[in-house]
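One structure is given below, encoded as structure tokens.
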2 protein chains.
Amino acid sequence: MKQAGSSLKVVQLGLGPIGIASARLALAKPDLELVGAVDLSPQLAGEDLASLIPEARGRNVTVEPDLGAALSGLKPDLVLQCTGSRLVPNLQQILTCLEHGAGIVSSMEELLYPHRRYPAETRRIDEAAKANGVAVLGTGVNPGFVMDTLALCLSGACRSVRSVYVRRVVDATRRRGPLQRKIGSGMDQATFQEQVAAGKLGHVGLVESTDLIATSLGLGHEAVDETIEPVLATEALKTEHVQVASGQVAGIHHRAWTVGRGMRGTLERVELELWMYLGAPDPADEVVLDSDPPVRCRIEGGIAGDQATAAMLINSVPRVAAAAPGLQTMATLPLVHWRG
Amino acid sequence: MKQAGSSLKVVQLGLGPIGIASARLALAKPDLELVGAVDLSPQLAGEDLASLIPEARGRNVTVEPDLGAALSGLKPDLVLQCTGSRLVPNLQQILTCLEHGAGIVSSMEELLYPHRRYPAETRRIDEAAKANGVAVLGTGVNPGFVMDTLALCLSGACRSVRSVYVRRVVDATRRRGPLQRKIGSGMDQATFQEQVAAGKLGHVGLVESTDLIATSLGLGHEAVDETIEPVLATEALKTEHVQVASGQVAGIHHRAWTVGRGMRGTLERVELELWMYLGAPDPADEVVLDSDPPVRCRIEGGIAGDQATAAMLINSVPRVAAAAPGLQTMATLPLVHWRG
């Protein structure tokens, strides 16, 4: 645990679009000191971070390719991990950070709430964090905020909750190319279904958000089911990154919901629904609680994008630095808010 | 700090409308045990709580008039304090609870964030809580949630925040008689202004909500200003509780905002605006952040009423029971959410 008031040393791990947004925001925060950057891609090794992020000019941060070596030298308080969505391929990275005594704030979607899908890995992370006296958090805007934390927060004003429904509608037209491709834009239906079956399409984190809400509310559910369906273009579409013919895939409709006979009390269901496609009308984030009192909350336009994820990461840093050692979640940390 | 899993013993202090709602909800929670009730009014002393709350039948809870005596006998983990809005007249009550080793969750509006207006009392409460190893929280739906915690929560997804604006519009028509009178319904303008000057009208807590937001965001403001204006009826109005002639007061328009040359960074202002009058159209809670990304959040109909305040109190109990000793705020506790 770090003393309040002193500045926190952070290392940026991963320099994709989210990592760059995260590092840029860290550079702007007076209470954070970005002491290093690590990326595994050989093209970046040895580069001055300023070649990727102009704001890093004069900071003398060189991109290093070896995480362990970098951490041994830099001894950061925390690592900002932005390297992937999946837990298993990135587990060793997490353990390396912890063994070097660095806490972690990660954009890894599966780390939001890995407890059900990866119980053994979850235990390993929690134990390594405790052994090294640091905390770990997976967060972001989605998962991490609009489809989970916000719903939990709103439930605080309720005497009883019978069901939770969250809908996020994103018009992918102005999002990054990789995101447009990750939602299948421009594919034919057969390719889309193959890619879904291979686990390559869809929004990683929807199941974890559902699980985090349902577990925190004490639903007593047995599992979370999901479906990923294509949204087909009804006319030809064209963005900066993809071209979609009428009848081809414009994006995804991803749903996840709790199931199980073991459900307790009066709470029946948590259901999350994500529409993310080119030209989606009326983008918004909505949380509807069937509750007493009832709650119907709408964020006009939705809180979209990588910038909000970077914000959640950086705004979480002081909370994770001050947290009890172990694997934390958005439901166990004090309220994450912006601070000027 | 209480062990997780064991049930928490609570005492209800104050049996007005909010206290009754709080006690009723506590009775419904399997992880809480309502072991006692205290109210200073002589008519209630010695009554079976079941005469006020049918759900208390068979619980053998007798309303006691003496707080210290009751706490000595009952030894609760926490007191649910619902006795008033103002800190100073209720300070001794708080200290009595703490001296008996009981934590406090309170609906007292000024206790949400008393630090600026009552620094000496704040320090006394914090020290007494620490000396006795328990935590204290002031919360409710407003203050406590819709005009402060929700805004802070939404700021978590922002890279930068320039201003915070919260508007709550409440149609008081179906609210309790005391609330309708507290907003001046049926008064003439002169009486309204006299009562405002005497500190008897308006919504206690708006200044504290503004202060909590601005301080948490690190605004560096010097003070919070407020105005309380009447909303005049444009036609005759009649509710179950009051009659209002055209031209008489239908309710209040209460505003509070940060002021001070000392403001830091890019954040300019926090402004809260509460409209609460008979017949107010389009009731809603709205949070608007001038921020990156921008956030415009609306709760249709608003989260109104004593039931939501009781919910915030009871949902906060596990967080306060597990918190570090001292005076906590909604910005220092882990996310308060409902749990079945």
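By convention in this document, the chains of the structure tokens carry letters A, B, ... by their order, each chain's residues are numbered from 1, and ligands are numbered from 1 in the order they are shown.
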
Practice task
Write out as a list in words the residues lying within 6 Å of range 56-69 of chain A, counting only C-alpha atoms and excluding same-chain residues fewer than 4 positions away.
Solution key: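 In the requested format, the answer is Gly36, Ala37, Val38, Asp39, Leu40, Ala45, Gly46, Glu47, Asp48, Leu49 and Ala50 of chain A.
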
Exercise for the section: Mind listing the helix (DSSP H, G or I) residues of range 179-287 of chain B, per DSSP on the backbone, as a list in words? Expected result: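 Answer for range 179-287 of chain B, restricted to helix (DSSP H, G or I): Leu179, Gln180, Arg181, Lys182, Gln189, Ala190, Thr191, Phe192, Gln193, Glu194, Gln195, Val196, Ala197, Leu206, Val207, Glu208, Ser209, Thr210, Asp211, Leu212, Ile213, Ala214, Thr215 and Ser216 of chain B.
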
Exercise for the section: Would you mind telling me which residue in B:Val161, B:Ala311, B:Leu74, B:Leu219 lies nearest to Ala28 in chain B when using only C-alpha atoms? Expected result: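 Checking each of B:Val161, B:Ala311, B:Leu74, B:Leu219 against Ala28 in chain B, counting only C-alpha atoms, the winner is B:Ala311.
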
Determine, for each residue of chain B having at least one atom at most 7 Å from an atom of chain A, the closest pair of atoms and their separation in Å to one decimal, counting only C-alpha atoms; order by chain and ascending number, as a tab-separated table.
residue	atom	partner	partner_atom	distance
B:Val141	CA	A:Ala157	CA	6.4
B:Leu152	CA	A:His337	CA	5.4
B:Cys153	CA	A:His337	CA	5.6
B:Ser155	CA	A:Trp338	CA	5.2
B:Gly156	CA	A:His337	CA	3.8
B:Ala157	CA	A:Ala308	CA	4.9
B:Cys158	CA	A:Ala311	CA	5.3
B:Arg159	CA	A:Ala311	CA	4.8
B:Ser216	CA	A:Arg339	CA	6.9
B:Leu217	CA	A:Arg339	CA	4.4
B:Gly218	CA	A:Gly340	CA	5.5
B:Leu219	CA	A:Gly340	CA	6.9
B:Gly265	CA	A:Gly340	CA	6.4
B:Pro293	CA	A:Ala308	CA	6.7
B:Val295	CA	A:Ile303	CA	6.8
B:Arg296	CA	A:Ile299	CA	5.5
B:Cys297	CA	A:Ile299	CA	4.3
B:Arg298	CA	A:Arg298	CA	5.4
B:Ile299	CA	A:Cys297	CA	4.3
B:Glu300	CA	A:Arg296	CA	5.7
B:Ile303	CA	A:Val295	CA	6.8
B:Gln307	CA	A:Arg159	CA	6.9
B:Ala308	CA	A:Ala157	CA	4.9
B:Thr309	CA	A:Ala157	CA	6.9
B:Ala311	CA	A:Arg159	CA	4.8
B:Met312	CA	A:Ala157	CA	5.1
B:Asn315	CA	A:Gly156	CA	6.1
B:Ala331	CA	A:Leu335	CA	5.8
B:Thr332	CA	A:Pro334	CA	5.5
B:Leu333	CA	A:Pro334	CA	4.9
B:Pro334	CA	A:Pro334	CA	3.7
B:Leu335	CA	A:Leu335	CA	5.7
B:Val336	CA	A:Gly156	CA	5.3
B:His337	CA	A:Gly156	CA	3.8
B:Trp338	CA	A:Gly156	CA	4.9
B:Arg339	CA	A:Leu217	CA	4.4
B:Gly340	CA	A:Gly218	CA	5.5

Practice task
Report the distance between CA of Arg167 in chain B and CA of Glu222 in chain B in Å, rounded to one decimal place.
Solution key: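 Separating CA of Arg167 in chain B from CA of Glu222 in chain B is a distance of 22.3 Å.
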
Practice task
Pick out each residue of range 8-109 of chain A that DSSP on the backbone tags as strand (DSSP E); I need them as a ChimeraX atom specification.
Solution key: /A:8-13,32-38,63-64,78-81,103-106

Based on the selection just made, write N, CA and C atoms of those residues as an mmCIF file, in the first residue's frame.
data_model
loop_
_atom_site.group_PDB
_atom_site.id
_atom_site.type_symbol
_atom_site.label_atom_id
_atom_site.label_comp_id
_atom_site.auth_asym_id
_atom_site.auth_seq_id
_atom_site.Cartn_x
_atom_site.Cartn_y
_atom_site.Cartn_z
ATOM 1 N N LEU A 8 2.754 8.152 -7.758
ATOM 2 C CA LEU A 8 2.850 6.725 -8.023
ATOM 3 C C LEU A 8 3.610 6.493 -9.316
ATOM 4 N N LYS A 9 4.570 5.568 -9.262
ATOM 5 C CA LYS A 9 5.324 5.218 -10.463
ATOM 6 C C LYS A 9 4.570 4.135 -11.230
ATOM 7 N N VAL A 10 4.294 4.397 -12.507
ATOM 8 C CA VAL A 10 3.576 3.410 -13.314
ATOM 9 C C VAL A 10 4.359 3.074 -14.580
ATOM 10 N N VAL A 11 4.168 1.837 -15.033
ATOM 11 C CA VAL A 11 4.734 1.385 -16.309
ATOM 12 C C VAL A 11 3.573 1.011 -17.224
ATOM 13 N N GLN A 12 3.627 1.472 -18.467
ATOM 14 C CA GLN A 12 2.620 1.086 -19.452
ATOM 15 C C GLN A 12 3.050 -0.203 -20.132
ATOM 16 N N LEU A 13 2.215 -1.234 -20.011
ATOM 17 C CA LEU A 13 2.486 -2.509 -20.673
ATOM 18 C C LEU A 13 1.491 -2.678 -21.819
ATOM 19 N N LEU A 32 0.803 10.863 -11.038
ATOM 20 C CA LEU A 32 1.396 9.654 -11.611
ATOM 21 C C LEU A 32 2.699 10.007 -12.310
ATOM 22 N N GLU A 33 3.641 9.082 -12.234
ATOM 23 C CA GLU A 33 4.888 9.260 -12.956
ATOM 24 C C GLU A 33 5.068 8.047 -13.876
ATOM 25 N N LEU A 34 4.980 8.290 -15.170
ATOM 26 C CA LEU A 34 5.158 7.195 -16.131
ATOM 27 C C LEU A 34 6.650 6.944 -16.279
ATOM 28 N N VAL A 35 7.120 5.857 -15.667
ATOM 29 C CA VAL A 35 8.573 5.620 -15.650
ATOM 30 C C VAL A 35 9.028 4.652 -16.732
ATOM 31 N N GLY A 36 8.085 3.986 -17.403
ATOM 32 C CA GLY A 36 8.530 3.045 -18.420
ATOM 33 C C GLY A 36 7.388 2.570 -19.296
ATOM 34 N N ALA A 37 7.764 1.955 -20.418
ATOM 35 C CA ALA A 37 6.784 1.387 -21.341
ATOM 36 C C ALA A 37 7.349 0.086 -21.886
ATOM 37 N N VAL A 38 6.483 -0.928 -21.948
ATOM 38 C CA VAL A 38 6.906 -2.244 -22.419
ATOM 39 C C VAL A 38 5.958 -2.678 -23.519
ATOM 40 N N VAL A 63 10.876 2.314 -25.113
ATOM 41 C CA VAL A 63 10.030 1.118 -25.111
ATOM 42 C C VAL A 63 10.917 -0.115 -24.969
ATOM 43 N N GLU A 64 10.612 -0.922 -23.956
ATOM 44 C CA GLU A 64 11.419 -2.120 -23.704
ATOM 45 C C GLU A 64 10.626 -3.364 -24.073
ATOM 46 N N LEU A 78 2.855 0.318 -9.984
ATOM 47 C CA LEU A 78 1.749 -0.298 -10.710
ATOM 48 C C LEU A 78 2.077 -0.442 -12.181
ATOM 49 N N VAL A 79 1.512 -1.491 -12.770
ATOM 50 C CA VAL A 79 1.595 -1.665 -14.222
ATOM 51 C C VAL A 79 0.206 -1.430 -14.812
ATOM 52 N N LEU A 80 0.163 -0.643 -15.884
ATOM 53 C CA LEU A 80 -1.062 -0.443 -16.648
ATOM 54 C C LEU A 80 -1.022 -1.456 -17.786
ATOM 55 N N GLN A 81 -1.790 -2.532 -17.639
ATOM 56 C CA GLN A 81 -1.709 -3.624 -18.601
ATOM 57 C C GLN A 81 -2.781 -3.482 -19.671
ATOM 58 N N GLY A 103 1.522 -3.642 -8.486
ATOM 59 C CA GLY A 103 0.096 -3.839 -8.638
ATOM 60 C C GLY A 103 -0.278 -3.714 -10.108
ATOM 61 N N ILE A 104 -1.527 -4.054 -10.444
ATOM 62 C CA ILE A 104 -1.934 -4.045 -11.851
ATOM 63 C C ILE A 104 -3.311 -3.411 -11.999
ATOM 64 N N VAL A 105 -3.407 -2.489 -12.944
ATOM 65 C CA VAL A 105 -4.711 -2.048 -13.437
ATOM 66 C C VAL A 105 -4.735 -2.446 -14.899
ATOM 67 N N SER A 106 -5.702 -3.281 -15.267
ATOM 68 C CA SER A 106 -5.676 -3.920 -16.578
ATOM 69 C C SER A 106 -6.950 -3.672 -17.354
#

Practice task
List the neighbours of Leu91 in chain B out to 12 Å using only C-alpha atoms; skip same-chain residues closer than 4 positions along the sequence, and give me the result as JSON, numbers by chain.
Solution key: {"B": [81, 83, 84, 85, 86, 87, 95, 96, 97, 98, 106, 108, 110, 111, 114, 118, 120, 121, 122, 123, 124, 125, 126, 128]}

Handout entry: Exercise: range 194-197 of chain A partners within 9 Å, only C-alpha atoms, chain neighbours under 6 positions left out, as an MDAnalysis selection string
Key = chainID A and resid 184 228:229

Restricted to N, CA, C and O atoms, what would the selected residues look like written as a short mmCIF file (atom, residue, chain, number, x, y, z; two decimals), in the first residue's frame?
data_model
loop_
_atom_site.label_atom_id
_atom_site.label_comp_id
_atom_site.auth_asym_id
_atom_site.auth_seq_id
_atom_site.Cartn_x
_atom_site.Cartn_y
_atom_site.Cartn_z
N GLY A 184 -17.33 -8.07 -37.04
CA GLY A 184 -17.69 -8.82 -38.24
C GLY A 184 -18.11 -7.97 -39.43
O GLY A 184 -18.57 -8.53 -40.44
N ILE A 228 -24.46 -14.76 -29.79
CA ILE A 228 -23.89 -13.72 -30.64
C ILE A 228 -24.49 -13.88 -32.03
O ILE A 228 -24.31 -14.91 -32.69
N GLU A 229 -25.25 -12.89 -32.45
CA GLU A 229 -25.93 -12.94 -33.75
C GLU A 229 -25.43 -11.82 -34.62
O GLU A 229 -25.07 -10.75 -34.12
#

Practice task
Go through A:Ala70, A:Leu44, A:Leu289, A:Val320 and flag the residue nearest Val136 in chain A, using only C-alpha atoms for the distances.
Solution key: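 Once distances to Val136 in chain A are computed over only C-alpha atoms, the minimum belongs to A:Val320.
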
Practice task
Extract, using only C-alpha atoms, all DNA, RNA and protein residues at most 9 Å from Asp225 in chain A, discarding same-chain residues fewer than 2 positions from it, and format them as a VMD selection string.
Solution key: chain A and resid 207 223 227 255 to 259

Exercise for the section: Would you mind telling me which residue in A:Leu232, A:Ala23, A:Leu206, A:Leu112 lies nearest to Val270 in chain A when using only C-alpha atoms? Expected result: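 Ranking A:Leu232, A:Ala23, A:Leu206, A:Leu112 by distance to Val270 in chain A, first place goes to A:Leu206.
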
Exercise for the section: Quick one: everything within 7 Å of Asp171 in chain B, counting only C-alpha atoms, minus sequence neighbours fewer than 6 positions away in the same chain. Send it as a list in words. Expected result: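 Here the answer would be Met276, Tyr277, Leu278, Gly279, Ala280, Pro281 and Pro283 of chain B.
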
Can I get the selection written as an mmCIF file, in the first residue's frame, with C-alpha atoms?
data_model
loop_
_atom_site.group_PDB
_atom_site.id
_atom_site.type_symbol
_atom_site.label_atom_id
_atom_site.label_comp_id
_atom_site.auth_asym_id
_atom_site.auth_seq_id
_atom_site.Cartn_x
_atom_site.Cartn_y
_atom_site.Cartn_z
ATOM 1 C CA MET B 276 -39.342 20.379 -5.829
ATOM 2 C CA TYR B 277 -42.889 21.634 -6.101
ATOM 3 C CA LEU B 278 -46.470 20.564 -6.470
ATOM 4 C CA GLY B 279 -47.202 19.716 -10.077
ATOM 5 C CA ALA B 280 -43.600 19.926 -11.338
ATOM 6 C CA PRO B 281 -43.714 18.515 -14.867
ATOM 7 C CA PRO B 283 -39.751 14.707 -12.919
#
